[in-house]
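S.K.: Dropping in data04.txt, which is compact mmCIF, C-alpha atoms:
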# COMPACT_ATOMS: atom_id res chain seq x y z
CA MET L 30 -36.35 73.18 -101.64
CA PRO L 31 -35.82 72.68 -105.40
CA SER L 32 -34.05 69.56 -106.54
CA SER L 33 -30.56 69.85 -108.01
CA VAL L 34 -31.53 67.29 -110.63
CA GLU L 35 -34.49 67.43 -112.95
CA PRO L 36 -36.59 64.26 -112.78
CA ALA L 37 -36.13 61.79 -115.58
CA HIS L 38 -39.16 61.44 -117.81
CA PRO L 39 -40.49 57.91 -118.16
CA MET L 40 -39.36 56.24 -121.35
CA GLY L 41 -40.64 52.73 -120.90
CA HIS L 42 -38.20 52.08 -118.02
CA HIS L 43 -39.87 51.22 -114.76
CA THR L 44 -38.19 49.81 -111.70
CA PRO L 45 -40.10 46.62 -111.01
CA GLY L 46 -41.37 45.86 -107.56
CA PRO L 47 -41.17 42.42 -106.06
CA PRO L 48 -42.70 39.57 -108.04
CA GLY L 49 -46.04 38.16 -107.11
CA PRO L 50 -49.71 39.05 -107.18
CA ALA L 51 -50.32 42.61 -108.21
CA THR L 52 -53.16 44.76 -109.37
CA PRO L 53 -53.01 46.95 -112.47
CA SER L 54 -53.03 50.67 -111.76
CA GLY L 55 -54.80 51.57 -114.98
CA ASP L 56 -51.72 52.92 -116.77
CA GLY L 57 -50.06 49.58 -117.44
CA ASN L 58 -47.93 49.60 -114.28
CA ARG L 59 -48.42 47.00 -111.62
CA VAL L 60 -49.09 47.88 -108.02
CA ILE L 61 -48.34 45.54 -105.18
CA PRO L 62 -50.64 45.73 -102.17
CA PHE L 63 -48.77 46.62 -98.97
CA GLY L 64 -50.46 43.91 -96.93
CA ARG L 65 -48.82 41.04 -98.81
CA ARG L 66 -45.39 39.51 -98.57
CA ALA L 67 -45.04 38.54 -102.22
CA THR L 68 -41.23 38.45 -102.35
CA ARG L 69 -40.93 34.93 -100.99
CA THR L 70 -41.50 31.63 -102.69
CA GLY L 71 -42.07 28.28 -101.05
CA ARG L 72 -39.82 27.29 -98.14
CA GLY L 73 -38.82 30.90 -97.42
CA ARG L 74 -36.47 31.39 -100.38
CA ARG L 75 -36.42 34.77 -102.04
CA THR L 76 -37.08 34.97 -105.74
CA PRO L 77 -34.19 36.35 -107.81
CA GLN L 78 -34.50 39.96 -108.95
CA PRO L 79 -33.60 40.89 -112.52
CA ALA L 80 -30.26 42.62 -113.00
CA GLN L 81 -30.50 46.36 -113.61
CA PRO L 82 -28.57 47.75 -116.59
CA GLU L 83 -25.68 50.02 -115.71
CA ARG L 84 -25.90 53.60 -116.94
CA VAL L 85 -23.02 55.82 -117.92
CA VAL L 86 -23.09 59.25 -116.28
CA ALA L 87 -21.23 62.21 -117.76
CA PRO L 88 -18.62 63.84 -115.47
CA ASP L 89 -19.84 67.01 -113.76
CA SER L 90 -23.44 66.32 -114.79
CA PRO L 91 -26.29 66.99 -112.34
CA GLU L 92 -26.52 63.22 -111.85
CA GLN L 93 -22.80 63.02 -111.01
CA ARG L 94 -23.07 65.91 -108.53
CA LEU L 95 -26.09 64.26 -106.88
CA ALA L 96 -24.21 60.94 -106.65
CA LEU L 97 -21.33 62.74 -104.92
CA ASP L 98 -23.79 64.38 -102.51
CA VAL L 99 -25.38 61.02 -101.69
CA GLU L 100 -21.93 59.46 -101.24
CA ALA L 101 -20.90 62.30 -98.90
CA TRP L 102 -24.04 61.61 -96.85
CA PHE L 103 -23.15 57.92 -96.65
CA LYS L 104 -19.52 58.67 -95.71
CA ALA L 105 -20.74 60.97 -92.92
CA HIS L 106 -22.57 57.89 -91.61
CA LYS L 107 -19.49 55.66 -91.97
CA ALA L 108 -20.67 53.87 -95.13
CA THR L 109 -20.07 54.12 -98.87
CA LEU L 110 -22.11 53.38 -101.97
CA THR L 111 -18.99 51.98 -103.62
CA ASP L 112 -19.46 48.96 -101.33
CA GLU L 113 -21.67 46.54 -103.27
CA ALA L 114 -23.58 45.41 -100.18
CA ALA L 115 -24.38 49.00 -99.15
CA ALA L 116 -25.37 49.89 -102.73
CA HIS L 117 -27.66 46.83 -102.84
CA VAL L 118 -29.42 47.83 -99.60
CA TYR L 119 -29.70 51.43 -100.85
CA ARG L 120 -31.30 50.32 -104.13
CA THR L 121 -33.56 47.82 -102.39
CA THR L 122 -34.84 50.58 -100.12
CA LEU L 123 -35.49 52.87 -103.10
CA ASP L 124 -37.27 50.02 -104.91
CA PHE L 125 -39.62 49.65 -101.95
CA LEU L 126 -40.21 53.40 -101.85
CA GLN L 127 -41.13 53.18 -105.55
CA VAL L 128 -43.71 50.50 -104.69
CA MET L 129 -45.16 52.93 -102.15
CA LEU L 130 -45.31 55.67 -104.79
CA ASP L 131 -46.95 53.27 -107.27
CA SER L 132 -49.55 52.29 -104.70
CA SER L 133 -50.22 55.89 -103.68
CA HIS L 134 -50.71 56.81 -107.33
CA ALA L 135 -53.02 53.85 -107.92
CA GLU L 136 -55.05 54.88 -104.87
CA GLU L 137 -55.20 58.44 -106.30
CA ARG L 138 -53.30 59.91 -103.35
CA LEU L 139 -50.75 61.36 -105.80
CA ASN L 140 -51.80 63.11 -108.98
CA GLU L 141 -50.04 62.29 -112.25
CA ALA L 142 -47.63 65.26 -112.12
CA GLU L 143 -46.60 64.49 -108.52
CA TYR L 144 -46.15 60.82 -109.33
CA GLN L 145 -44.00 61.51 -112.41
CA HIS L 146 -41.86 64.04 -110.53
CA LEU L 147 -41.24 61.75 -107.55
CA THR L 148 -40.65 58.68 -109.75
CA GLY L 149 -38.11 60.63 -111.80
CA MET L 150 -36.29 61.67 -108.64
CA MET L 151 -36.23 58.04 -107.46
CA ARG L 152 -34.69 56.89 -110.76
CA VAL L 153 -31.93 59.48 -110.53
CA LEU L 154 -31.25 58.58 -106.90
CA ARG L 155 -31.25 54.85 -107.72
CA ASP L 156 -28.49 55.39 -110.28
CA ALA L 157 -26.20 57.21 -107.83
CA PRO L 158 -23.95 54.20 -107.04
CA ASP L 159 -23.29 53.71 -110.79
CA ALA L 160 -22.14 57.33 -111.10
CA LEU L 161 -19.37 56.94 -108.52
Written as structure tokens, how would this file's structure read?
M.R.:
Amino acid sequence: MPSSVEPAHPMGHHTPGPPGPATPSGDGNRVIPFGRRATRTGRGRRTPQPAQPERVVAPDSPEQRLALDVEAWFKAHKATLTDEAAAHVYRTTLDFLQVMLDSSHAEERLNEAEYQHLTGMMRVLRDAPDAL
């Protein structure tokens, strides 16, 4: 099924994965091995994640329509992305999925075109709460 939103092309913006040991993927991105729990520091405290810049989305744009579709899905499940806690969990989940894509690309399980397409879709989805 074709996407209602064209994937964003990379322009130096990459959603970072959790901090910690990582291996370069050859294209400058860092890949975090799945077998490690690198998001914790000593004594079980989580390391702070950098704040993501807010984007402005034009009304009735494909991004706005996608955000409304995602919000409708959440409302059907008795949740909303306008709730900061729900939006945080949503973004955290997408960040982890991006780590999986990065690792799959580094392991050559995704070719460059597939990786760029899926990464672009993830970026658009990640911005959905900001479009509401």
S.K.: Using atom CA of L:Trp102 and atom CA of L:Asp89 as the two end points, give the distance in Å to one decimal.
M.R.: 18.2 Å
S.K.: As an exercise, work out the distance from atom CA of L:Leu97 to atom CA of L:Leu123 in Å and give it to one decimal place.
M.R.: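 According to the coordinates, atom CA of L:Leu97 and atom CA of L:Leu123 are separated by 17.4 Å.
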S.K.: Which one is closest to L:Glu113: L:Ala135, L:Leu130, L:Leu161, L:Leu95? Count all atoms listed in the file.
M.R.: L:Leu161
S.K.: Give me, please, the distance in Å between atom CA of L:Gln93 and atom CA of L:Ala160, quoted to one decimal.
M.R.: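 Rounded to one decimal, the two atoms are 5.7 Å apart.
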S.K.: For L:Leu147, please output as number ranges by chain all residues within 9 Å (counting only C-alpha atoms; exclusion window: fewer than 5 positions along the same chain).
M.R.: L: 36, 127, 130, 142, 152
S.K.: I'd like the contact shell of L:Tyr119 - 12 Å cut-off, only C-alpha atoms, skipping same-chain residues fewer than 6 positions apart - returned as a PyMOL selection string.
M.R.: chain L and resi 99-100+103+108-113+125-126+151+154-158
S.K.: Between L:Lys107, L:Met129, L:His117, L:Asp124, which has the minimum distance to L:Asp159 (counting only C-alpha atoms)?
M.R.: L:His117
S.K.: Write out as a PyMOL selection string each polymer residue whose atoms come within 7 Å of L:Tyr144, counting all atoms listed in the file; drop sequence neighbours fewer than 4 positions from it.
M.R.: chain L and resi 130+134+139-140+148
